[in-house]
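Novice: I'm passing along entry38.cif; it holds mmCIF, C-alpha atoms.
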```
data_run
loop_
_atom_site.group_PDB
_atom_site.id
_atom_site.type_symbol
_atom_site.label_atom_id
_atom_site.label_comp_id
_atom_site.auth_asym_id
_atom_site.auth_seq_id
_atom_site.Cartn_x
_atom_site.Cartn_y
_atom_site.Cartn_z
ATOM 1 C CA MET A 1 -43.103 26.756 0.467
ATOM 2 C CA LEU A 2 -40.144 28.240 2.337
ATOM 3 C CA THR A 3 -39.221 24.790 3.639
ATOM 4 C CA THR A 4 -39.283 23.419 0.104
ATOM 5 C CA PHE A 5 -37.034 26.243 -1.077
ATOM 6 C CA LEU A 6 -34.567 25.624 1.757
ATOM 7 C CA PHE A 7 -34.329 21.925 0.981
ATOM 8 C CA VAL A 8 -33.893 22.623 -2.729
ATOM 9 C CA VAL A 9 -30.991 24.931 -1.869
ATOM 10 C CA LEU A 10 -29.593 22.297 0.511
ATOM 11 C CA GLY A 11 -29.847 19.674 -2.218
ATOM 12 C CA TYR A 12 -28.045 21.856 -4.723
ATOM 13 C CA LEU A 13 -25.245 22.747 -2.291
ATOM 14 C CA ALA A 14 -24.803 19.086 -1.316
ATOM 15 C CA GLY A 15 -24.634 18.125 -4.982
ATOM 16 C CA SER A 16 -22.071 20.870 -5.572
ATOM 17 C CA ILE A 17 -19.547 19.104 -3.346
ATOM 18 C CA SER A 18 -17.386 17.496 -6.034
ATOM 19 C CA THR A 19 -16.245 14.240 -4.487
ATOM 20 C CA ALA A 20 -13.843 13.456 -7.335
ATOM 21 C CA ILE A 21 -11.965 16.733 -7.035
ATOM 22 C CA ILE A 22 -11.785 16.578 -3.230
ATOM 23 C CA VAL A 23 -10.652 12.935 -3.194
ATOM 24 C CA CYS A 24 -7.977 13.609 -5.804
ATOM 25 C CA ARG A 25 -6.663 16.592 -3.869
ATOM 26 C CA MET A 26 -6.542 14.651 -0.600
ATOM 27 C CA MET A 27 -4.802 11.667 -2.225
ATOM 28 C CA GLY A 28 -2.300 13.763 -4.187
ATOM 29 C CA LEU A 29 -3.776 12.836 -7.556
ATOM 30 C CA PRO A 30 -4.186 15.076 -10.623
ATOM 31 C CA ASP A 31 -7.319 17.179 -10.993
ATOM 32 C CA PRO A 32 -9.845 14.881 -12.731
ATOM 33 C CA ARG A 33 -10.904 17.820 -14.892
ATOM 34 C CA SER A 34 -7.498 17.768 -16.557
ATOM 35 C CA GLU A 35 -6.841 14.006 -16.758
ATOM 36 C CA GLY A 36 -8.307 11.167 -18.791
ATOM 37 C CA SER A 37 -11.782 12.069 -20.024
ATOM 38 C CA ARG A 38 -11.631 15.287 -17.946
ATOM 39 C CA ASN A 39 -14.827 14.253 -16.208
ATOM 40 C CA PRO A 40 -14.886 14.599 -12.385
ATOM 41 C CA GLY A 41 -16.511 11.250 -11.747
ATOM 42 C CA ALA A 42 -15.662 7.792 -10.429
ATOM 43 C CA THR A 43 -15.031 6.194 -13.837
ATOM 44 C CA ASN A 44 -12.440 8.776 -14.780
ATOM 45 C CA VAL A 45 -10.812 8.693 -11.322
ATOM 46 C CA LEU A 46 -10.459 4.927 -11.730
ATOM 47 C CA ARG A 47 -8.429 5.488 -14.896
ATOM 48 C CA PHE A 48 -5.584 7.324 -13.197
ATOM 49 C CA GLY A 49 -6.230 7.096 -9.464
ATOM 50 C CA GLY A 50 -6.990 3.442 -8.861
ATOM 51 C CA LYS A 51 -9.844 1.496 -7.303
ATOM 52 C CA LYS A 52 -9.695 3.024 -3.815
ATOM 53 C CA ALA A 53 -9.993 6.617 -5.032
ATOM 54 C CA ALA A 54 -12.724 5.613 -7.476
ATOM 55 C CA ALA A 55 -14.702 3.749 -4.796
ATOM 56 C CA ILE A 56 -14.609 6.733 -2.439
ATOM 57 C CA THR A 57 -15.664 9.025 -5.270
ATOM 58 C CA LEU A 58 -18.519 6.713 -6.220
ATOM 59 C CA ALA A 59 -19.750 6.515 -2.619
ATOM 60 C CA GLY A 60 -19.585 10.278 -2.168
ATOM 61 C CA ASP A 61 -21.411 11.020 -5.407
ATOM 62 C CA PHE A 62 -24.096 8.481 -4.492
ATOM 63 C CA LEU A 63 -24.589 9.803 -0.952
ATOM 64 C CA LYS A 64 -24.919 13.432 -1.979
ATOM 65 C CA GLY A 65 -27.905 12.416 -4.087
ATOM 66 C CA LEU A 66 -29.425 10.169 -1.442
ATOM 67 C CA LEU A 67 -28.964 12.117 1.804
ATOM 68 C CA PRO A 68 -30.732 15.390 0.861
ATOM 69 C CA VAL A 69 -33.801 13.409 -0.242
ATOM 70 C CA LEU A 70 -33.786 11.349 2.967
ATOM 71 C CA LEU A 71 -33.451 14.476 5.093
ATOM 72 C CA ALA A 72 -36.333 16.084 3.217
ATOM 73 C CA ARG A 73 -38.395 12.935 3.769
ATOM 74 C CA LEU A 74 -37.613 12.969 7.508
ATOM 75 C CA ALA A 75 -38.683 16.623 7.616
ATOM 76 C CA GLY A 76 -42.080 15.634 6.242
ATOM 77 C CA MET A 77 -41.706 17.123 2.775
ATOM 78 C CA ASP A 78 -44.428 16.291 0.257
ATOM 79 C CA ASP A 79 -43.772 14.409 -2.982
ATOM 80 C CA LEU A 80 -43.103 17.590 -4.961
ATOM 81 C CA GLY A 81 -40.604 18.802 -2.371
ATOM 82 C CA LEU A 82 -38.797 15.463 -2.405
ATOM 83 C CA ALA A 83 -38.625 15.419 -6.204
ATOM 84 C CA LEU A 84 -37.330 18.993 -6.377
ATOM 85 C CA THR A 85 -34.743 18.370 -3.656
ATOM 86 C CA GLY A 86 -33.417 15.337 -5.515
ATOM 87 C CA LEU A 87 -33.364 17.145 -8.836
ATOM 88 C CA ALA A 88 -31.469 20.030 -7.229
ATOM 89 C CA ALA A 89 -28.833 17.652 -5.831
ATOM 90 C CA PHE A 90 -28.406 16.110 -9.283
ATOM 91 C CA LEU A 91 -28.028 19.528 -10.928
ATOM 92 C CA GLY A 92 -25.554 20.541 -8.226
ATOM 93 C CA HIS A 93 -23.352 17.610 -9.188
ATOM 94 C CA LEU A 94 -23.483 18.593 -12.857
ATOM 95 C CA TYR A 95 -22.974 22.312 -12.229
ATOM 96 C CA PRO A 96 -21.248 22.688 -8.821
ATOM 97 C CA VAL A 97 -21.154 26.252 -7.541
ATOM 98 C CA PHE A 98 -18.005 25.477 -5.512
ATOM 99 C CA PHE A 99 -16.002 24.254 -8.511
ATOM 100 C CA GLY A 100 -16.667 26.654 -11.338
ATOM 101 C CA PHE A 101 -19.812 24.806 -12.455
ATOM 102 C CA GLU A 102 -17.640 22.016 -13.939
ATOM 103 C CA GLY A 103 -19.256 18.809 -12.749
ATOM 104 C CA GLY A 104 -19.586 15.159 -13.607
ATOM 105 C CA LYS A 105 -22.092 13.270 -15.720
ATOM 106 C CA GLY A 106 -24.383 12.410 -12.824
ATOM 107 C CA VAL A 107 -24.906 8.636 -12.920
ATOM 108 C CA ALA A 108 -24.048 7.864 -9.277
ATOM 109 C CA THR A 109 -25.791 10.969 -7.946
ATOM 110 C CA SER A 110 -28.937 10.251 -9.945
ATOM 111 C CA PHE A 111 -28.980 6.707 -8.544
ATOM 112 C CA GLY A 112 -28.755 8.137 -5.021
ATOM 113 C CA VAL A 113 -31.695 10.435 -5.772
ATOM 114 C CA ILE A 114 -33.725 7.566 -7.223
ATOM 115 C CA LEU A 115 -33.030 5.421 -4.150
ATOM 116 C CA GLY A 116 -34.189 8.266 -1.907
ATOM 117 C CA LEU A 117 -37.415 8.573 -3.886
ATOM 118 C CA SER A 118 -38.152 4.887 -4.408
ATOM 119 C CA TRP A 119 -36.085 1.877 -3.375
ATOM 120 C CA LEU A 120 -38.060 -0.329 -5.777
ATOM 121 C CA THR A 121 -37.131 1.873 -8.727
ATOM 122 C CA ALA A 122 -33.504 1.942 -7.583
ATOM 123 C CA LEU A 123 -33.496 -1.856 -7.348
ATOM 124 C CA GLY A 124 -34.906 -2.134 -10.864
ATOM 125 C CA ALA A 125 -32.276 0.260 -12.199
ATOM 126 C CA LEU A 126 -29.482 -1.602 -10.392
ATOM 127 C CA VAL A 127 -30.588 -4.982 -11.746
ATOM 128 C CA THR A 128 -30.792 -3.470 -15.239
ATOM 129 C CA TRP A 129 -27.280 -2.052 -14.913
ATOM 130 C CA LEU A 130 -25.868 -5.368 -13.683
ATOM 131 C CA ILE A 131 -27.488 -7.346 -16.495
ATOM 132 C CA MET A 132 -26.203 -4.907 -19.104
ATOM 133 C CA ALA A 133 -22.735 -4.679 -17.533
ATOM 134 C CA PHE A 134 -22.263 -8.441 -17.494
ATOM 135 C CA THR A 135 -23.721 -8.801 -20.988
ATOM 136 C CA VAL A 136 -22.172 -5.984 -23.008
ATOM 137 C CA ARG A 137 -19.408 -4.906 -20.575
ATOM 138 C CA ILE A 138 -19.804 -1.236 -21.492
ATOM 139 C CA SER A 139 -20.287 1.029 -18.484
ATOM 140 C CA SER A 140 -21.850 3.971 -20.319
ATOM 141 C CA LEU A 141 -24.367 1.811 -22.202
ATOM 142 C CA SER A 142 -25.283 0.010 -18.978
ATOM 143 C CA ALA A 143 -25.835 3.308 -17.157
ATOM 144 C CA LEU A 144 -27.851 4.844 -19.983
ATOM 145 C CA THR A 145 -30.067 1.763 -20.283
ATOM 146 C CA ALA A 146 -30.724 1.659 -16.527
ATOM 147 C CA ALA A 147 -31.491 5.375 -16.488
ATOM 148 C CA ALA A 148 -33.780 5.178 -19.511
ATOM 149 C CA LEU A 149 -35.871 2.442 -17.862
ATOM 150 C CA ALA A 150 -36.090 4.154 -14.467
ATOM 151 C CA PRO A 151 -39.129 6.351 -15.358
ATOM 152 C CA LEU A 152 -40.887 3.232 -16.623
ATOM 153 C CA TYR A 153 -40.232 1.474 -13.315
ATOM 154 C CA VAL A 154 -41.627 4.457 -11.393
ATOM 155 C CA TRP A 155 -44.764 4.380 -13.515
ATOM 156 C CA LEU A 156 -45.178 0.602 -13.205
ATOM 157 C CA PHE A 157 -44.879 0.799 -9.430
ATOM 158 C CA GLY A 158 -47.628 3.428 -9.330
ATOM 159 C CA LEU A 159 -45.487 6.114 -7.742
ATOM 160 C CA PRO A 160 -46.271 9.873 -7.820
ATOM 161 C CA THR A 161 -46.249 11.600 -11.187
ATOM 162 C CA VAL A 162 -43.758 14.200 -9.902
ATOM 163 C CA TYR A 163 -41.261 11.359 -9.334
ATOM 164 C CA VAL A 164 -41.708 10.260 -12.938
ATOM 165 C CA ALA A 165 -41.181 13.854 -14.119
ATOM 166 C CA ALA A 166 -38.062 14.421 -11.985
ATOM 167 C CA ILE A 167 -36.453 11.154 -13.042
ATOM 168 C CA LEU A 168 -37.353 11.757 -16.689
ATOM 169 C CA ILE A 169 -35.639 15.155 -16.528
ATOM 170 C CA MET A 170 -32.530 13.509 -15.081
ATOM 171 C CA VAL A 171 -32.570 10.878 -17.828
ATOM 172 C CA VAL A 172 -32.739 13.506 -20.582
ATOM 173 C CA ILE A 173 -29.812 15.383 -19.029
ATOM 174 C CA LEU A 174 -27.850 12.159 -18.529
ATOM 175 C CA VAL A 175 -28.239 11.310 -22.204
ATOM 176 C CA TRP A 176 -27.047 14.800 -23.141
ATOM 177 C CA ARG A 177 -24.052 14.572 -20.800
ATOM 178 C CA HIS A 178 -23.135 11.205 -22.329
ATOM 179 C CA ARG A 179 -23.326 12.399 -25.930
ATOM 180 C CA SER A 180 -19.605 11.739 -26.500
ATOM 181 C CA ASN A 181 -20.080 8.183 -25.202
ATOM 182 C CA ILE A 182 -23.054 7.754 -27.514
ATOM 183 C CA ARG A 183 -20.920 8.835 -30.482
ATOM 184 C CA HIS A 184 -18.326 6.219 -29.486
ATOM 185 C CA LEU A 185 -21.051 3.589 -29.091
ATOM 186 C CA LEU A 186 -22.380 4.298 -32.573
ATOM 187 C CA ALA A 187 -18.838 4.127 -33.961
ATOM 188 C CA GLY A 188 -18.087 0.927 -32.050
ATOM 189 C CA THR A 189 -15.157 2.527 -30.211
ATOM 190 C CA GLU A 190 -16.576 2.971 -26.713
ATOM 191 C CA ASP A 191 -14.450 1.643 -23.827
ATOM 192 C CA THR A 192 -15.415 -1.663 -22.277
ATOM 193 C CA ILE A 193 -15.333 -2.223 -18.528
ATOM 194 C CA GLY A 194 -11.738 -2.788 -17.448
ATOM 195 C CA THR A 195 -10.071 -0.667 -20.109
ATOM 196 C CA ASP A 196 -8.390 2.593 -19.222
ATOM 197 C CA ARG A 197 -8.361 4.483 -22.496
ATOM 198 C CA PRO A 198 -9.687 8.048 -22.134
ATOM 199 C CA GLU A 199 -13.123 8.503 -23.612
ATOM 200 C CA GLY A 200 -12.585 11.554 -25.788
#
```
Please lay out the structure from this file as structure tokens.

Specialist:
Amino acid sequence: MLTTFLFVVLGYLAGSISTAIIVCRMMGLPDPRSEGSRNPGATNVLRFGGKKAAAITLAGDFLKGLLPVLLARLAGMDDLGLALTGLAAFLGHLYPVFFGFEGGKGVATSFGVILGLSWLTALGALVTWLIMAFTVRISSLSALTAAALAPLYVWLFGLPTVYVAAILIMVVILVWRHRSNIRHLLAGTEDTIGTDRPEG
């Protein structure tokens, strides 16, 4: 139980490392919490910082979801411990203790967590995102669709129930964090991939 607690704390602290803010500081860019959509994530960094800064941010956000789960797996954690560690990393990204609890929306970090829990589920989510991105060319809709189907993929692949529960929790939070995007989608004003208009 103590080991589980320690890995949950590790996951949260890893998630609390805001890649967007650190990358912007190191590259002399504005604080992503005060520019564009004011979201410290790769999509917003791309708007004002360019592809390189956005790519580094994306990689960092992805890895801080993946690595804690992999470390917990190497340490022999059970399924519940792995699920809790991943969920903690995701929550750390959303509410980072090091940055005033002002975090991003969690798409890249959640994908890292899902990959750590199940590569098959991650592959299904990635294929879903790619199909949606090439079809509708709306990043938020693609991410929300991929996330919404992830629990179904976990269930179809016969993976542990705690994985389904953890991923379902992340999906619910992702939808909540994307509520402004959903309003834009319903109004037909959401940004398409390649545009740089702030998302309000």

Novice: Find the residue from A:Ala146, A:Leu74, A:Val162, A:Leu13 that sits nearest to Leu130 in chain A; use all atoms listed in the file when measuring.

Specialist: A:Ala146

Novice: Of the residues A:Leu174, A:Ala165, A:Gly86, A:Ser118, which is the one nearest to Ala143 in chain A, using all atoms listed in the file?

Specialist: A:Leu174

Novice: What residues come out when you apply the PyMOL selection byres ((chain A and resi 55-70) around 8) to this file, written as a count of residues only?

Specialist: 38

Novice: Do a neighbour search on Val97 in chain A at 6 Å with only C-alpha atoms, toss out local chain neighbours closer than 3 positions, and write the hits as number ranges by chain.

Specialist: A: 16, 100-101

Novice: Please save C-alpha atoms of the selected residues as a PDB file, in the frame of the given file.

Specialist:
```pdb
ATOM      1  CA  SER A  16     -22.071  20.870  -5.572  1.00  0.00           C
ATOM      2  CA  GLY A 100     -16.667  26.654 -11.338  1.00  0.00           C
ATOM      3  CA  PHE A 101     -19.812  24.806 -12.455  1.00  0.00           C
TER       4      PHE A 101
END
```

Novice: Please measure the separation of CA of Phe134 in chain A and CA of Trp176 in chain A, giving the value in Å to one decimal.

Specialist: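 Spanning CA of Phe134 in chain A to CA of Trp176 in chain A is a straight-line distance of 24.4 Å.
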
Novice: Interatomic distance between CA of Leu120 in chain A and CA of Ala150 in chain A?

Specialist: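 Rounded to one decimal, the two atoms are 10.0 Å apart.
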
Novice: Give me the residues within 12 Å of Arg179 in chain A as an MDAnalysis selection string, counting all atoms listed in the file and dropping any in the same chain fewer than 3 places off.

Specialist: chainID A and resid 105 140:141 144 172:176 182:186 190 199:200

Novice: As a PDB file, in the frame of the given file, could you write out range 65-98 of chain A once it has been completed with N, CA and C atoms?

Specialist:
```pdb
ATOM      1  N   GLY A  65     -26.584  12.475  -3.475  1.00  0.00           N
ATOM      2  CA  GLY A  65     -27.905  12.416  -4.087  1.00  0.00           C
ATOM      3  C   GLY A  65     -28.935  11.841  -3.138  1.00  0.00           C
ATOM      4  N   LEU A  66     -28.513  10.864  -2.347  1.00  0.00           N
ATOM      5  CA  LEU A  66     -29.425  10.169  -1.442  1.00  0.00           C
ATOM      6  C   LEU A  66     -29.771  10.980  -0.191  1.00  0.00           C
ATOM      7  N   LEU A  67     -28.753  11.510   0.498  1.00  0.00           N
ATOM      8  CA  LEU A  67     -28.964  12.117   1.804  1.00  0.00           C
ATOM      9  C   LEU A  67     -29.904  13.328   1.803  1.00  0.00           C
ATOM     10  N   PRO A  68     -29.781  14.270   0.850  1.00  0.00           N
ATOM     11  CA  PRO A  68     -30.732  15.390   0.861  1.00  0.00           C
ATOM     12  C   PRO A  68     -32.187  14.937   0.742  1.00  0.00           C
ATOM     13  N   VAL A  69     -32.438  13.918  -0.082  1.00  0.00           N
ATOM     14  CA  VAL A  69     -33.801  13.409  -0.242  1.00  0.00           C
ATOM     15  C   VAL A  69     -34.281  12.748   1.051  1.00  0.00           C
ATOM     16  N   LEU A  70     -33.408  11.988   1.707  1.00  0.00           N
ATOM     17  CA  LEU A  70     -33.786  11.349   2.967  1.00  0.00           C
ATOM     18  C   LEU A  70     -34.059  12.381   4.052  1.00  0.00           C
ATOM     19  N   LEU A  71     -33.230  13.415   4.109  1.00  0.00           N
ATOM     20  CA  LEU A  71     -33.451  14.476   5.093  1.00  0.00           C
ATOM     21  C   LEU A  71     -34.777  15.193   4.834  1.00  0.00           C
ATOM     22  N   ALA A  72     -35.062  15.452   3.565  1.00  0.00           N
ATOM     23  CA  ALA A  72     -36.333  16.084   3.217  1.00  0.00           C
ATOM     24  C   ALA A  72     -37.507  15.183   3.595  1.00  0.00           C
ATOM     25  N   ARG A  73     -37.331  13.887   3.405  1.00  0.00           N
ATOM     26  CA  ARG A  73     -38.395  12.935   3.769  1.00  0.00           C
ATOM     27  C   ARG A  73     -38.603  12.931   5.282  1.00  0.00           C
ATOM     28  N   LEU A  74     -37.510  12.941   6.043  1.00  0.00           N
ATOM     29  CA  LEU A  74     -37.613  12.969   7.508  1.00  0.00           C
ATOM     30  C   LEU A  74     -38.277  14.257   7.995  1.00  0.00           C
ATOM     31  N   ALA A  75     -38.080  15.341   7.244  1.00  0.00           N
ATOM     32  CA  ALA A  75     -38.683  16.623   7.616  1.00  0.00           C
ATOM     33  C   ALA A  75     -40.153  16.707   7.226  1.00  0.00           C
ATOM     34  N   GLY A  76     -40.668  15.663   6.598  1.00  0.00           N
ATOM     35  CA  GLY A  76     -42.080  15.634   6.242  1.00  0.00           C
ATOM     36  C   GLY A  76     -42.431  16.331   4.947  1.00  0.00           C
ATOM     37  N   MET A  77     -41.439  16.475   4.063  1.00  0.00           N
ATOM     38  CA  MET A  77     -41.706  17.123   2.775  1.00  0.00           C
ATOM     39  C   MET A  77     -42.689  16.301   1.950  1.00  0.00           C
ATOM     40  N   ASP A  78     -43.506  16.992   1.139  1.00  0.00           N
ATOM     41  CA  ASP A  78     -44.428  16.291   0.257  1.00  0.00           C
ATOM     42  C   ASP A  78     -43.683  15.753  -0.964  1.00  0.00           C
ATOM     43  N   ASP A  79     -44.406  15.053  -1.818  1.00  0.00           N
ATOM     44  CA  ASP A  79     -43.772  14.409  -2.982  1.00  0.00           C
ATOM     45  C   ASP A  79     -43.085  15.416  -3.894  1.00  0.00           C
ATOM     46  N   LEU A  80     -43.713  16.574  -4.111  1.00  0.00           N
ATOM     47  CA  LEU A  80     -43.103  17.590  -4.961  1.00  0.00           C
ATOM     48  C   LEU A  80     -41.805  18.101  -4.353  1.00  0.00           C
ATOM     49  N   GLY A  81     -41.811  18.338  -3.047  1.00  0.00           N
ATOM     50  CA  GLY A  81     -40.604  18.802  -2.371  1.00  0.00           C
ATOM     51  C   GLY A  81     -39.479  17.795  -2.460  1.00  0.00           C
ATOM     52  N   LEU A  82     -39.818  16.518  -2.302  1.00  0.00           N
ATOM     53  CA  LEU A  82     -38.797  15.463  -2.405  1.00  0.00           C
ATOM     54  C   LEU A  82     -38.208  15.411  -3.816  1.00  0.00           C
ATOM     55  N   ALA A  83     -39.082  15.477  -4.817  1.00  0.00           N
ATOM     56  CA  ALA A  83     -38.625  15.419  -6.204  1.00  0.00           C
ATOM     57  C   ALA A  83     -37.733  16.611  -6.541  1.00  0.00           C
ATOM     58  N   LEU A  84     -38.118  17.793  -6.092  1.00  0.00           N
ATOM     59  CA  LEU A  84     -37.330  18.993  -6.377  1.00  0.00           C
ATOM     60  C   LEU A  84     -35.996  18.976  -5.646  1.00  0.00           C
ATOM     61  N   THR A  85     -35.989  18.473  -4.426  1.00  0.00           N
ATOM     62  CA  THR A  85     -34.743  18.370  -3.656  1.00  0.00           C
ATOM     63  C   THR A  85     -33.766  17.432  -4.357  1.00  0.00           C
ATOM     64  N   GLY A  86     -34.272  16.287  -4.807  1.00  0.00           N
ATOM     65  CA  GLY A  86     -33.417  15.337  -5.515  1.00  0.00           C
ATOM     66  C   GLY A  86     -32.904  15.890  -6.825  1.00  0.00           C
ATOM     67  N   LEU A  87     -33.767  16.564  -7.554  1.00  0.00           N
ATOM     68  CA  LEU A  87     -33.364  17.145  -8.836  1.00  0.00           C
ATOM     69  C   LEU A  87     -32.307  18.225  -8.621  1.00  0.00           C
ATOM     70  N   ALA A  88     -32.451  18.988  -7.540  1.00  0.00           N
ATOM     71  CA  ALA A  88     -31.469  20.030  -7.229  1.00  0.00           C
ATOM     72  C   ALA A  88     -30.110  19.429  -6.904  1.00  0.00           C
ATOM     73  N   ALA A  89     -30.101  18.323  -6.159  1.00  0.00           N
ATOM     74  CA  ALA A  89     -28.833  17.652  -5.831  1.00  0.00           C
ATOM     75  C   ALA A  89     -28.155  17.153  -7.104  1.00  0.00           C
ATOM     76  N   PHE A  90     -28.936  16.596  -8.002  1.00  0.00           N
ATOM     77  CA  PHE A  90     -28.406  16.110  -9.283  1.00  0.00           C
ATOM     78  C   PHE A  90     -27.807  17.258 -10.093  1.00  0.00           C
ATOM     79  N   LEU A  91     -28.522  18.376 -10.173  1.00  0.00           N
ATOM     80  CA  LEU A  91     -28.028  19.528 -10.928  1.00  0.00           C
ATOM     81  C   LEU A  91     -26.794  20.131 -10.268  1.00  0.00           C
ATOM     82  N   GLY A  92     -26.736  20.060  -8.929  1.00  0.00           N
ATOM     83  CA  GLY A  92     -25.554  20.541  -8.226  1.00  0.00           C
ATOM     84  C   GLY A  92     -24.322  19.748  -8.600  1.00  0.00           C
ATOM     85  N   HIS A  93     -24.483  18.444  -8.771  1.00  0.00           N
ATOM     86  CA  HIS A  93     -23.352  17.610  -9.188  1.00  0.00           C
ATOM     87  C   HIS A  93     -22.884  17.985 -10.590  1.00  0.00           C
ATOM     88  N   LEU A  94     -23.827  18.239 -11.472  1.00  0.00           N
ATOM     89  CA  LEU A  94     -23.483  18.593 -12.857  1.00  0.00           C
ATOM     90  C   LEU A  94     -22.873  19.986 -12.955  1.00  0.00           C
ATOM     91  N   TYR A  95     -23.406  20.907 -12.156  1.00  0.00           N
ATOM     92  CA  TYR A  95     -22.974  22.312 -12.229  1.00  0.00           C
ATOM     93  C   TYR A  95     -22.674  22.825 -10.817  1.00  0.00           C
ATOM     94  N   PRO A  96     -21.567  22.355 -10.218  1.00  0.00           N
ATOM     95  CA  PRO A  96     -21.248  22.688  -8.821  1.00  0.00           C
ATOM     96  C   PRO A  96     -20.796  24.131  -8.643  1.00  0.00           C
ATOM     97  N   VAL A  97     -21.472  24.850  -7.773  1.00  0.00           N
ATOM     98  CA  VAL A  97     -21.154  26.252  -7.541  1.00  0.00           C
ATOM     99  C   VAL A  97     -19.770  26.419  -6.922  1.00  0.00           C
ATOM    100  N   PHE A  98     -19.296  25.394  -6.187  1.00  0.00           N
ATOM    101  CA  PHE A  98     -18.005  25.477  -5.512  1.00  0.00           C
ATOM    102  C   PHE A  98     -16.823  25.198  -6.440  1.00  0.00           C
TER     103      PHE A  98
END
```
